[in-house]
Amino acid sequence: MMPWTDLDDVLNMVWKQIEAGAVDPDHPFRTPTFGTAGHNQPQLRTVVLRTAQRRTRALSFHSDRRAEKVEEVRANERVAWHAWAPEATLQVRLRGRATVHTDDGVADEMWAAEPPDSLGHYLKEDPPATLIEQPVDELPEAFHKGTLTEDDVAPARSNFAVIRTIIDEIDALNLEPGNYQRALFEWDTAENAFIGSWRVP
């Protein structure tokens, strides 16, 4: 990675990486870490980034609406994201306010955009984290064969949710050996823009 010299260039580069993660299955930002506050302690999990919109500052992924992270977001909307691109030696941490969407246009749009194999995860009869006696996934055979149809997954719609985050802080860290650099961008409502500053790495 070239040394950072301009804050606007850094912000543009970071957003390009994030947006690439939402469309390229092989991009390292495709599977960032999503953090919430739950059970009186931080909670982290890997998610699949489904949409990234710089214009609205929004990142989204889908989830089982019965999952603990859904209740954690509803209890505390402040969340954090972390992504690492090893080849670019780039770490990005993001913070913002999250909302849960289940029976609205946001959820309907993502449900319609996803293939049946992706939506099949929500066919489980029991909620995630339910205590079971054997290590099974409760998914139908058609899921494992990759032969699910839209009709097959229709019952899963009632378990489907979208978690959407409006980003208000971006912390970017260049970890190239011998060239550590850090930039922080904070959303300024009055300016309707991210305001950047250099920070000690």
# chains A, B, ... in the order shown; residues from 1 in each chain; ligands from 1
>>> residues_around(residues="range 86-99 of chain A", least_positions_apart="2", cutoff="10 Å", atoms="only C-alpha atoms", output="ChimeraX atom specification")
/A:1-2,14,17-18,28-29,32-36,57-60,70,73-74,76-84,101,162-177,180-187
>>> closest_atom_pairs(of="range 15-84 of chain A", to="range 111-134 of chain A", cutoff="8 Å", atoms="only C-alpha atoms", output="Markdown table")
| residue | atom | partner | partner_atom | distance |
| --- | --- | --- | --- | --- |
| A:Asp64 | CA | A:Tyr122 | CA | 6.0 |
| A:Arg66 | CA | A:Pro127 | CA | 5.5 |
| A:Ala67 | CA | A:Pro128 | CA | 5.5 |
| A:Glu68 | CA | A:Pro128 | CA | 7.7 |
>>> write_last_selection(atoms="all heavy atoms", output="tab-separated table (two decimals), in the first residue's frame")
chain	number	residue	atom	x	y	z
A	64	ASP	N	-31.22	-14.54	11.39
A	64	ASP	CA	-32.43	-15.12	11.96
A	64	ASP	C	-32.99	-14.12	12.98
A	64	ASP	O	-32.27	-13.66	13.85
A	64	ASP	CB	-32.09	-16.45	12.65
A	64	ASP	CG	-33.32	-17.27	12.99
A	64	ASP	OD1	-34.24	-16.73	13.63
A	64	ASP	OD2	-33.35	-18.45	12.63
A	66	ARG	N	-34.73	-14.55	15.38
A	66	ARG	CA	-34.77	-15.12	16.73
A	66	ARG	C	-33.38	-15.14	17.38
A	66	ARG	O	-33.24	-15.56	18.53
A	66	ARG	CB	-35.34	-16.53	16.68
A	66	ARG	CG	-36.73	-16.64	16.06
A	66	ARG	CD	-37.10	-18.07	15.73
A	66	ARG	NE	-36.20	-18.62	14.69
A	66	ARG	CZ	-36.22	-19.89	14.28
A	66	ARG	NH1	-37.09	-20.75	14.84
A	66	ARG	NH2	-35.38	-20.31	13.35
A	67	ALA	N	-32.36	-14.71	16.65
A	67	ALA	CA	-30.99	-14.76	17.15
A	67	ALA	C	-30.76	-13.73	18.26
A	67	ALA	O	-31.40	-12.67	18.30
A	67	ALA	CB	-30.01	-14.50	16.01
A	68	GLU	N	-29.81	-14.05	19.13
A	68	GLU	CA	-29.53	-13.16	20.25
A	68	GLU	C	-29.07	-11.79	19.80
A	68	GLU	O	-29.37	-10.78	20.45
A	68	GLU	CB	-28.49	-13.81	21.17
A	68	GLU	CG	-29.00	-15.03	21.90
A	68	GLU	CD	-27.94	-15.70	22.75
A	68	GLU	OE1	-26.74	-15.35	22.61
A	68	GLU	OE2	-28.30	-16.56	23.57
>>> select_by_dssp(residues="range 74-146 of chain A", states="strand (DSSP E or B)", output="VMD selection string")
chain A and resid 78 to 85 90 to 101
>>> residues_around(residues="Pro25 in chain A", least_positions_apart="5", cutoff="10 Å", atoms="only C-alpha atoms", output="NGL selection string")
:A and (20 or 30-31 or 48-50)
>>> select_by_dssp(residues="range 86-115 of chain A", states="alpha helix (DSSP H)", output="list in words")
Gly105, Val106, Ala107, Asp108, Glu109, Met110, Trp111, Ala112 and Ala113 of chain A
>>> atom_distance(atom1="CA of Asp108 in chain A", atom2="CA of Leu44 in chain A")
26.2 Å
>>> closest_residue(among="A:Met110, A:Val47, A:Leu11, A:Ala85", to="Arg157 in chain A", atoms="only C-alpha atoms")
A:Met110
>>> closest_residue(among="A:Ala52, A:Ala193, A:Ala142, A:Ala37", to="Trp15 in chain A", atoms="only C-alpha atoms")
A:Ala52
